[in-house]
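Enquirer: Provided herewith: run.cif, mmCIF, C-alpha atoms.
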```
data_data
loop_
_atom_site.label_atom_id
_atom_site.label_comp_id
_atom_site.auth_asym_id
_atom_site.auth_seq_id
_atom_site.Cartn_x
_atom_site.Cartn_y
_atom_site.Cartn_z
CA MET A 202 0.00 0.00 0.00
CA GLY A 203 1.28 3.50 -0.86
CA ILE A 204 1.77 6.10 1.83
CA PHE A 205 -1.27 7.98 0.50
CA SER A 206 -3.65 5.05 0.91
CA LYS A 207 -6.60 5.74 3.17
CA GLN A 208 -6.59 4.66 6.78
CA LYS A 209 -8.97 7.08 8.47
CA SER A 210 -11.55 8.97 6.44
CA LEU A 211 -12.39 12.56 7.27
CA TRP A 212 -14.62 13.08 4.22
CA GLY A 213 -14.52 10.07 1.92
CA LEU A 214 -11.64 10.28 -0.55
CA LYS A 215 -11.62 14.10 -0.41
CA SER A 216 -9.75 14.21 2.90
CA TYR A 217 -8.24 11.41 4.97
CA ILE A 218 -5.32 10.25 7.13
CA SER A 219 -2.81 7.83 5.59
CA PRO A 220 -1.27 4.86 7.47
CA ASP A 221 1.85 7.04 7.88
CA ASP A 222 -0.17 9.77 9.62
CA LEU A 223 -0.16 12.11 6.61
CA LEU A 224 -3.13 14.40 6.08
CA VAL A 225 -4.21 13.96 2.45
CA SER A 226 -6.45 16.35 0.56
CA ARG A 227 -7.51 15.96 -3.07
CA GLY A 228 -7.51 19.72 -3.66
CA ALA A 229 -4.97 21.54 -1.50
CA VAL A 230 -4.10 22.05 2.14
CA GLY A 231 -5.34 25.25 3.74
CA THR A 232 -5.18 26.94 7.12
CA GLY A 233 -7.66 29.24 8.80
CA GLY A 234 -11.38 28.53 8.92
CA GLU A 235 -14.72 30.07 9.77
CA GLY A 236 -14.12 33.70 10.74
CA ARG A 237 -10.35 33.37 10.27
CA PRO A 238 -8.14 34.50 7.35
CA ARG A 239 -7.50 31.70 4.86
CA VAL A 240 -4.15 30.55 3.52
CA VAL A 241 -3.82 27.94 0.75
CA MET A 242 -0.44 26.24 0.94
CA PRO A 243 1.76 25.49 -2.12
CA GLY A 244 2.38 21.94 -3.29
CA SER A 245 -0.74 20.51 -4.92
CA HIS A 246 -1.53 18.67 -8.15
CA ASP A 247 -4.86 20.48 -8.60
CA THR A 248 -4.06 23.89 -7.15
CA VAL A 249 -1.27 26.36 -7.91
CA ALA A 250 -0.37 28.51 -4.90
CA VAL A 251 2.18 31.03 -3.71
CA PHE A 252 2.87 31.89 -0.09
CA GLU A 253 5.53 34.53 0.57
CA ASP A 254 6.47 35.38 4.18
CA PHE A 255 9.37 37.76 3.32
CA LEU A 256 11.84 36.15 5.70
CA GLY A 257 15.42 37.38 5.37
CA ASP A 258 16.57 40.56 3.66
CA LEU A 259 16.11 39.68 -0.02
CA VAL A 260 12.99 39.52 -2.18
CA PRO A 261 12.75 36.29 -4.26
CA ASP A 262 13.17 36.69 -8.03
CA GLU A 263 9.59 35.66 -8.78
CA TRP A 264 8.32 38.92 -7.27
CA ILE A 265 8.27 42.32 -8.97
CA ALA A 266 9.29 44.98 -6.46
CA GLY A 267 9.98 48.63 -7.05
CA SER A 268 8.80 52.20 -7.37
CA SER A 269 7.77 54.46 -10.22
CA ASP A 270 9.99 57.32 -8.98
CA THR A 271 13.29 55.76 -10.05
CA GLY A 272 15.34 58.88 -9.39
CA GLN A 273 14.21 59.00 -5.78
CA THR A 274 14.88 55.28 -5.36
CA ALA A 275 18.49 55.85 -6.43
CA THR A 276 19.00 58.43 -3.69
CA GLY A 277 17.50 56.17 -1.06
CA VAL A 278 14.50 58.25 -0.04
CA LEU A 279 11.89 56.10 -1.76
CA ALA A 280 12.73 52.49 -0.99
CA THR A 281 11.24 49.01 -1.10
CA SER A 282 12.92 46.06 0.60
CA ALA A 283 12.56 42.95 2.68
CA VAL A 284 13.20 43.75 6.34
CA SER A 285 14.69 41.46 8.99
CA ALA A 286 11.90 42.02 11.49
CA THR A 287 9.59 39.79 13.52
CA ASN A 288 7.76 37.48 11.08
CA GLY A 289 9.72 38.94 8.18
CA ILE A 290 8.08 41.83 6.29
CA TYR A 291 8.30 43.69 3.01
CA ARG A 292 8.48 47.45 3.65
CA MET A 293 7.65 50.25 1.23
CA THR A 294 9.18 53.48 2.59
CA SER A 295 8.67 57.01 1.28
CA SER A 296 9.73 60.52 2.27
CA ALA A 297 8.78 64.15 1.81
CA THR A 298 11.14 64.42 -1.16
CA SER A 299 9.57 61.61 -3.17
CA THR A 300 6.97 62.27 -5.86
CA GLN A 301 3.64 62.88 -4.14
CA THR A 302 1.18 61.27 -6.58
CA PRO A 303 0.01 57.69 -7.19
CA ALA A 304 1.02 58.01 -10.85
CA GLY A 305 4.54 59.33 -10.20
CA GLY A 306 5.47 57.96 -6.77
CA ALA A 307 3.87 54.52 -6.47
CA GLN A 308 5.56 51.51 -4.85
CA SER A 309 4.63 47.85 -5.17
CA ILE A 310 5.29 44.21 -4.43
CA ASN A 311 3.48 41.95 -6.88
CA THR A 312 3.63 38.86 -9.05
CA PRO A 313 3.91 38.93 -12.83
CA PRO A 314 0.52 38.59 -14.62
CA ASN A 315 0.37 34.83 -13.96
CA TRP A 316 -3.33 34.64 -13.03
CA LYS A 317 -6.66 34.60 -14.84
CA ALA A 318 -10.18 34.36 -13.45
CA ASN A 319 -11.00 31.54 -15.89
CA GLN A 320 -8.66 29.27 -13.90
CA GLY A 321 -11.38 29.08 -11.25
CA ARG A 322 -11.01 29.37 -7.47
CA LEU A 323 -8.76 32.41 -7.91
CA ARG A 324 -8.04 34.25 -4.67
CA MET A 325 -5.35 36.28 -2.95
CA SER A 326 -4.76 37.65 0.52
CA ALA A 327 -2.23 39.98 2.09
CA ARG A 328 -1.53 40.96 5.70
CA VAL A 329 -0.84 44.69 5.59
CA LYS A 330 -0.36 47.62 7.98
CA THR A 331 0.39 51.31 7.49
CA ALA A 332 2.59 53.32 9.84
CA VAL A 333 0.84 56.65 9.23
CA LEU A 334 -2.67 56.78 7.77
CA ALA A 335 -2.55 60.38 6.55
CA GLY A 336 -1.29 60.72 3.01
CA ASN A 337 -1.30 57.07 1.97
CA SER A 338 -3.20 55.50 -0.91
CA VAL A 339 -3.21 51.68 -0.95
CA PHE A 340 -4.52 49.02 -3.35
CA VAL A 341 -4.48 45.30 -2.50
CA GLY A 342 -5.68 42.75 -5.04
CA PHE A 343 -5.50 41.80 -8.72
CA THR A 344 -4.81 44.14 -11.64
CA ASP A 345 -4.01 43.99 -15.35
CA THR A 346 -1.63 46.95 -15.05
CA GLY A 347 1.34 45.12 -13.56
CA GLY A 348 4.53 46.95 -12.57
CA THR A 349 4.14 49.81 -10.10
CA GLU A 350 0.93 51.33 -11.52
CA ILE A 351 -1.86 51.41 -8.94
CA ALA A 352 -5.07 49.88 -10.33
CA ALA A 353 -7.43 52.19 -8.43
CA TYR A 354 -7.12 55.01 -5.91
CA ASP A 355 -8.83 58.10 -4.51
CA THR A 356 -6.76 61.11 -3.50
CA GLY A 357 -9.82 63.36 -3.25
CA GLY A 358 -12.54 63.90 -5.81
CA GLY A 359 -13.52 60.28 -6.47
CA ILE A 360 -12.06 56.92 -7.46
CA GLN A 361 -9.51 56.92 -10.29
CA THR A 362 -9.03 53.66 -12.19
CA PRO A 363 -5.94 53.38 -14.44
CA ALA A 364 -6.54 49.62 -14.79
CA GLY A 365 -9.07 48.13 -17.17
CA ASP A 366 -9.52 44.83 -15.27
CA TYR A 367 -8.94 44.63 -11.52
CA ALA A 368 -10.47 43.47 -8.23
CA GLY A 369 -9.32 44.45 -4.77
CA PHE A 370 -9.42 46.88 -1.87
CA ILE A 371 -8.53 50.56 -1.82
CA TRP A 372 -8.29 53.08 0.96
CA SER A 373 -6.86 56.57 1.26
CA GLY A 374 -5.69 58.77 4.10
CA GLU A 375 -5.69 61.78 1.79
CA ALA A 376 -7.59 64.77 3.14
CA GLY A 377 -10.89 65.00 1.28
CA ALA A 378 -10.82 61.44 -0.05
CA THR A 379 -13.98 59.38 0.27
CA GLU A 380 -12.11 56.09 0.77
CA GLN A 381 -10.73 56.45 4.30
CA ALA A 382 -12.44 53.15 5.11
CA TYR A 383 -11.60 50.07 3.07
CA ARG A 384 -13.63 49.96 -0.14
CA ALA A 385 -14.07 46.93 -2.39
CA VAL A 386 -13.55 47.77 -6.06
CA ALA A 387 -13.57 45.88 -9.36
CA GLY A 388 -13.42 46.68 -13.05
CA LYS A 389 -14.25 44.69 -16.16
CA ALA A 390 -12.87 46.12 -19.41
CA GLY A 391 -13.19 49.67 -18.04
CA THR A 392 -16.62 49.24 -16.38
CA ASP A 393 -16.14 49.90 -12.66
CA GLN A 394 -18.05 49.02 -9.52
CA SER A 395 -17.38 49.62 -5.83
CA ALA A 396 -18.87 48.90 -2.41
CA THR A 397 -18.28 50.08 1.14
CA THR A 398 -16.97 47.59 3.72
CA GLY A 399 -17.58 49.47 6.98
CA VAL A 400 -14.03 48.66 8.15
CA THR A 401 -11.46 51.43 8.66
CA PRO A 402 -7.71 50.76 8.98
CA VAL A 403 -5.88 51.64 12.19
CA ALA A 404 -2.30 52.93 12.11
CA ASN A 405 0.30 50.22 12.80
CA VAL A 406 -2.34 47.48 13.08
CA TYR A 407 -2.31 44.58 10.60
CA ASP A 408 -5.38 43.66 8.57
CA VAL A 409 -5.70 40.62 6.30
CA LEU A 410 -7.38 41.64 3.04
CA GLU A 411 -8.66 38.80 0.85
CA VAL A 412 -10.15 38.93 -2.65
CA GLU A 413 -11.85 35.87 -4.17
CA LEU A 414 -12.93 35.26 -7.78
CA PRO A 415 -14.45 31.78 -7.39
CA GLY A 416 -15.99 31.20 -10.83
CA THR A 417 -14.33 30.70 -14.20
CA ASP A 418 -16.46 33.47 -15.75
CA GLY A 419 -14.90 36.19 -13.56
CA GLY A 420 -18.36 37.43 -12.62
CA VAL A 421 -18.53 37.05 -8.85
CA ALA A 422 -16.04 38.75 -6.53
CA ASN A 423 -16.03 38.20 -2.77
CA PHE A 424 -14.14 40.39 -0.31
CA TYR A 425 -13.03 39.50 3.23
CA ILE A 426 -11.24 41.43 5.97
CA ASN A 427 -9.65 39.43 8.78
CA GLY A 428 -11.58 36.35 7.69
CA LYS A 429 -15.02 37.99 7.67
CA PRO A 430 -17.06 38.77 4.53
CA VAL A 431 -17.44 42.51 3.94
CA ALA A 432 -18.59 42.91 0.31
CA ARG A 433 -19.67 40.96 -2.77
CA PHE A 434 -20.16 41.73 -6.46
CA SER A 435 -22.57 39.26 -8.00
CA SER A 436 -21.66 39.80 -11.66
CA ALA A 437 -19.20 41.38 -14.13
CA ALA A 438 -16.25 41.67 -11.77
CA VAL A 439 -13.37 41.08 -14.25
CA THR A 440 -12.83 39.76 -17.78
CA PRO A 441 -12.09 36.04 -17.25
CA THR A 442 -9.38 35.79 -19.92
CA VAL A 443 -7.33 38.85 -18.94
CA ALA A 444 -3.97 38.13 -17.28
CA LEU A 445 -3.74 39.63 -13.81
CA ALA A 446 -0.92 40.46 -11.41
CA ALA A 447 -1.53 40.08 -7.66
CA GLY A 448 0.00 42.15 -4.89
CA VAL A 449 0.09 45.35 -2.83
CA TRP A 450 0.51 48.88 -4.21
CA ARG A 451 0.80 52.18 -2.34
CA ALA A 452 1.66 55.86 -2.81
CA ASN A 453 2.48 58.65 -0.38
CA THR A 454 0.54 61.82 -1.18
CA GLU A 455 1.04 64.23 1.73
CA GLY A 456 4.77 64.71 2.21
CA ALA A 457 5.69 63.05 5.51
CA ALA A 458 8.01 60.05 5.65
CA ASP A 459 6.12 56.83 6.34
CA ALA A 460 5.92 53.16 5.40
CA VAL A 461 3.51 50.38 4.47
CA ASP A 462 4.45 46.88 5.67
CA VAL A 463 3.39 43.59 4.08
CA ASP A 464 3.73 40.56 6.38
CA TYR A 465 2.69 37.94 3.81
CA ILE A 466 0.99 37.47 0.46
CA ASN A 467 -0.87 34.30 -0.52
CA ILE A 468 -2.32 33.61 -3.99
CA SER A 469 -4.00 30.43 -5.26
CA ALA A 470 -6.15 29.14 -8.11
CA ALA A 471 -7.12 25.94 -9.86
CA ARG A 472 -4.22 24.64 -11.94
CA ASP A 473 -4.45 25.16 -15.71
CA THR A 474 -5.75 22.02 -17.44
CA GLY A 475 -3.79 22.76 -20.62
CA LEU A 476 -6.91 22.83 -22.81
#
```
Could you express the structure from this file as structure tokens?

Expert:
Amino acid sequence: MGIFSKQKSLWGLKSYISPDDLLVSRGAVGTGGEGRPRVVMPGSHDTVAVFEDFLGDLVPDEWIAGSSDTGQTATGVLATSAVSATNGIYRMTSSATSTQTPAGGAQSINTPPNWKANQGRLRMSARVKTAVLAGNSVFVGFTDTGGTEIAAYDTGGGIQTPAGDYAGFIWSGEAGATEQAYRAVAGKAGTDQSATTGVTPVANVYDVLEVELPGTDGGVANFYINGKPVARFSSAAVTPTVALAAGVWRANTEGAADAVDVDYINISAARDTGL
């Protein structure tokens, strides 16, 4: 008998304990649960997953990390790096001398556009905190823009959406902005929708933001904060065939030096069948 033969069933052949005390799941292994943030672990035949905890002082090559203000990065006042801190974090640091707009002074940590909603079971989560709320614009989720361009933001005067297809959370500490609480946003080929969540970030307190596109048609989008559902779009969330990057984007818009920290990022989806 192989080590993955069934000894004790938890749910038929979907989940069981092997004779060698291995927990076997036909889909993937996850942590969390009801009312808790979910993490899908890498290493599955049916599910592709990434879990990055940013341990050490280097960012792995599979991540795209940087800032749109390249001149400021060179002088060290607008920086992105892994930090040897408790848990390991990725820190995006800005200053009063960096460009003060989302278009010109954005920073990011994200994957390449490796994901599409038509994979099915597409989701991502990130554990994020902001040192100073004032003057920060943040987007967490999926976007077709890639690089350092923020998919959606509000620095006062309404939501701006450079991306054509995206799904995620935005919030802004900009004076006059309407998004000082987390807002769920999505766009399909330039058609946008948004919803309030009723949850406001607190300075230097981590929140886990999770975006889920469960169907292969890209229609439904579910949004969770700290494991609890906060918003849902029932149709037309994103174009299912558009390639999406996943990650965290931010920009400093009010001059003071501050930072946004990312403790971990987790992305998962059904594995491509090859058809």

Enquirer: For a test of reading the model, state the distance in Å between atom CA of A:Ala437 and atom CA of A:Asp366, rounded to one decimal.

Expert: 10.3 Å

Enquirer: Which of these residues is nearest to A:Phe343, using all atoms listed in the file: A:Gly428, A:Gly228, A:Gly257, A:Pro314?

Expert: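 Among A:Gly428, A:Gly228, A:Gly257, A:Pro314, it is A:Pro314 that comes nearest to A:Phe343.
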
Enquirer: Do you know which residues are at most 10 Å from stretch 253-255 of chain A counting all atoms listed in the file, after dropping those on the same chain fewer than 2 positions away, and could you put them as a CSV table (one decimal) with C-alpha atoms, keeping the file's coordinate frame?

Expert:
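The result, stored in out17.csv:
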```
chain,number,residue,atom,x,y,z
A,251,VAL,CA,2.2,31.0,-3.7
A,257,GLY,CA,15.4,37.4,5.4
A,258,ASP,CA,16.6,40.6,3.7
A,259,LEU,CA,16.1,39.7,0.0
A,260,VAL,CA,13.0,39.5,-2.2
A,261,PRO,CA,12.8,36.3,-4.3
A,264,TRP,CA,8.3,38.9,-7.3
A,282,SER,CA,12.9,46.1,0.6
A,283,ALA,CA,12.6,43.0,2.7
A,284,VAL,CA,13.2,43.8,6.3
A,285,SER,CA,14.7,41.5,9.0
A,286,ALA,CA,11.9,42.0,11.5
A,288,ASN,CA,7.8,37.5,11.1
A,289,GLY,CA,9.7,38.9,8.2
A,290,ILE,CA,8.1,41.8,6.3
A,291,TYR,CA,8.3,43.7,3.0
A,292,ARG,CA,8.5,47.4,3.6
A,327,ALA,CA,-2.2,40.0,2.1
A,328,ARG,CA,-1.5,41.0,5.7
A,463,VAL,CA,3.4,43.6,4.1
A,464,ASP,CA,3.7,40.6,6.4
A,465,TYR,CA,2.7,37.9,3.8
A,466,ILE,CA,1.0,37.5,0.5
A,467,ASN,CA,-0.9,34.3,-0.5
A,468,ILE,CA,-2.3,33.6,-4.0
```

Enquirer: Closest to A:Gly336 among A:Ile351, A:Val443, A:Ala297, A:Ala387, using only C-alpha atoms?

Expert: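 Once distances to A:Gly336 are computed over only C-alpha atoms, the minimum belongs to A:Ala297.
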
Enquirer: What is the distance between atom CA of A:Ala447 and atom CA of A:Asn311, in Å to one decimal?

Expert: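 According to the coordinates, atom CA of A:Ala447 and atom CA of A:Asn311 are separated by 5.4 Å.
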
Enquirer: Given the file shown, enumerate the residues that the PyMOL selection byres ((chain A and resi 239) around 10) captures and present them as an MDAnalysis selection string.

Expert: chainID A and resid 231:238 240:242 324:326 409 411 425 427:428 467

Enquirer: Fewer than 6 positions away in the same chain doesn't count, so skip those; otherwise give me all residues within 12 Å of A:Thr344, counting all atoms listed in the file, as a PyMOL selection string.

Expert: chain A and resi 311-318+325+350-353+362-370+386-391+412+438-440+443-450

Enquirer: Rank A:Gly419, A:Thr248, A:Asn405, A:Ser338 by their smallest atom-to-atom distance to A:Ala382, using all atoms listed in the file, and report the top residue only.

Expert: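 Once distances to A:Ala382 are computed over all atoms listed in the file, the minimum belongs to A:Ser338.
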
Enquirer: Running the PyMOL selection byres ((chain A and resi 469-474) around 6) on this model by hand, what would come out? Give it as a short mmCIF file (atom, residue, chain, number, x, y, z; two decimals) with C-alpha atoms, in the coordinates of the input.

Expert:
```
data_model
loop_
_atom_site.label_atom_id
_atom_site.label_comp_id
_atom_site.auth_asym_id
_atom_site.auth_seq_id
_atom_site.Cartn_x
_atom_site.Cartn_y
_atom_site.Cartn_z
CA ASP A 247 -4.86 20.48 -8.60
CA THR A 248 -4.06 23.89 -7.15
CA VAL A 249 -1.27 26.36 -7.91
CA ALA A 250 -0.37 28.51 -4.90
CA GLN A 320 -8.66 29.27 -13.90
CA GLY A 321 -11.38 29.08 -11.25
CA ARG A 322 -11.01 29.37 -7.47
CA LEU A 323 -8.76 32.41 -7.91
CA ARG A 324 -8.04 34.25 -4.67
CA ILE A 468 -2.32 33.61 -3.99
CA GLY A 475 -3.79 22.76 -20.62
CA LEU A 476 -6.91 22.83 -22.81
#
```

Enquirer: If I take atom CA of A:Tyr383 and atom CA of A:Thr397, how far is one from the other in Å, to one decimal?

Expert: 7.0 Å

Enquirer: Closest to A:Gly267 among A:Arg451, A:Ile218, A:Arg433, A:Asp408, using all atoms listed in the file?

Expert: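 Distance minimum relative to A:Gly267 lands on A:Arg451.
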
Enquirer: Pick out the closest residue to A:Thr331 from this set: A:Gly306, A:Gly358, A:Gly374, A:Gly348. Count only C-alpha atoms.

Expert: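 Closest residue, counting only C-alpha atoms: A:Gly374.
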
Enquirer: List, as an mmCIF file with C-alpha atoms, in the coordinates of the input, every residue that the PyMOL selection byres ((chain A and resi 459) around 6) selects in the file provided.

Expert:
```
data_model
loop_
_atom_site.group_PDB
_atom_site.id
_atom_site.type_symbol
_atom_site.label_atom_id
_atom_site.label_comp_id
_atom_site.auth_asym_id
_atom_site.auth_seq_id
_atom_site.Cartn_x
_atom_site.Cartn_y
_atom_site.Cartn_z
ATOM 1 C CA THR A 294 9.180 53.480 2.590
ATOM 2 C CA SER A 295 8.670 57.010 1.280
ATOM 3 C CA ALA A 458 8.010 60.050 5.650
ATOM 4 C CA ALA A 460 5.920 53.160 5.400
#
```

Enquirer: Could you give me the axis-aligned bounding box of stretch 382-386 of chain A, with 5 Å of padding per side, as centre plus edge lengths in Å to one decimal, as AutoDock Vina command-line options?

Expert:
```
--center_x -12.8 --center_y 50.0 --center_z -0.5 --size_x 12.5 --size_y 16.2 --size_z 21.2
```

Enquirer: Do you know which residues are at most 12 Å from A:Glu375 counting all atoms listed in the file, after dropping those on the same chain fewer than 5 positions away, and could you put them as a PDB file with C-alpha atoms, in the coordinates of the input?

Expert:
```pdb
ATOM      1  CA  GLN A 301       3.640  62.880  -4.140  1.00  0.00           C
ATOM      2  CA  THR A 302       1.180  61.270  -6.580  1.00  0.00           C
ATOM      3  CA  PRO A 303       0.010  57.690  -7.190  1.00  0.00           C
ATOM      4  CA  VAL A 333       0.840  56.650   9.230  1.00  0.00           C
ATOM      5  CA  LEU A 334      -2.670  56.780   7.770  1.00  0.00           C
ATOM      6  CA  ALA A 335      -2.550  60.380   6.550  1.00  0.00           C
ATOM      7  CA  GLY A 336      -1.290  60.720   3.010  1.00  0.00           C
ATOM      8  CA  ASN A 337      -1.300  57.070   1.970  1.00  0.00           C
ATOM      9  CA  SER A 338      -3.200  55.500  -0.910  1.00  0.00           C
ATOM     10  CA  VAL A 339      -3.210  51.680  -0.950  1.00  0.00           C
ATOM     11  CA  TYR A 354      -7.120  55.010  -5.910  1.00  0.00           C
ATOM     12  CA  ASP A 355      -8.830  58.100  -4.510  1.00  0.00           C
ATOM     13  CA  THR A 356      -6.760  61.110  -3.500  1.00  0.00           C
ATOM     14  CA  GLY A 357      -9.820  63.360  -3.250  1.00  0.00           C
ATOM     15  CA  GLY A 358     -12.540  63.900  -5.810  1.00  0.00           C
ATOM     16  CA  GLY A 359     -13.520  60.280  -6.470  1.00  0.00           C
ATOM     17  CA  GLU A 380     -12.110  56.090   0.770  1.00  0.00           C
ATOM     18  CA  GLN A 381     -10.730  56.450   4.300  1.00  0.00           C
ATOM     19  CA  ALA A 382     -12.440  53.150   5.110  1.00  0.00           C
ATOM     20  CA  ALA A 452       1.660  55.860  -2.810  1.00  0.00           C
ATOM     21  CA  ASN A 453       2.480  58.650  -0.380  1.00  0.00           C
ATOM     22  CA  THR A 454       0.540  61.820  -1.180  1.00  0.00           C
ATOM     23  CA  GLU A 455       1.040  64.230   1.730  1.00  0.00           C
ATOM     24  CA  GLY A 456       4.770  64.710   2.210  1.00  0.00           C
TER      25      GLY A 456
END
```

Enquirer: Go through A:Ile426, A:Gly420, A:Pro220, A:Asn319 and flag the residue nearest A:Tyr407, using all atoms listed in the file for the distances.

Expert: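 That would be A:Ile426, the residue with the smallest distance to A:Tyr407.
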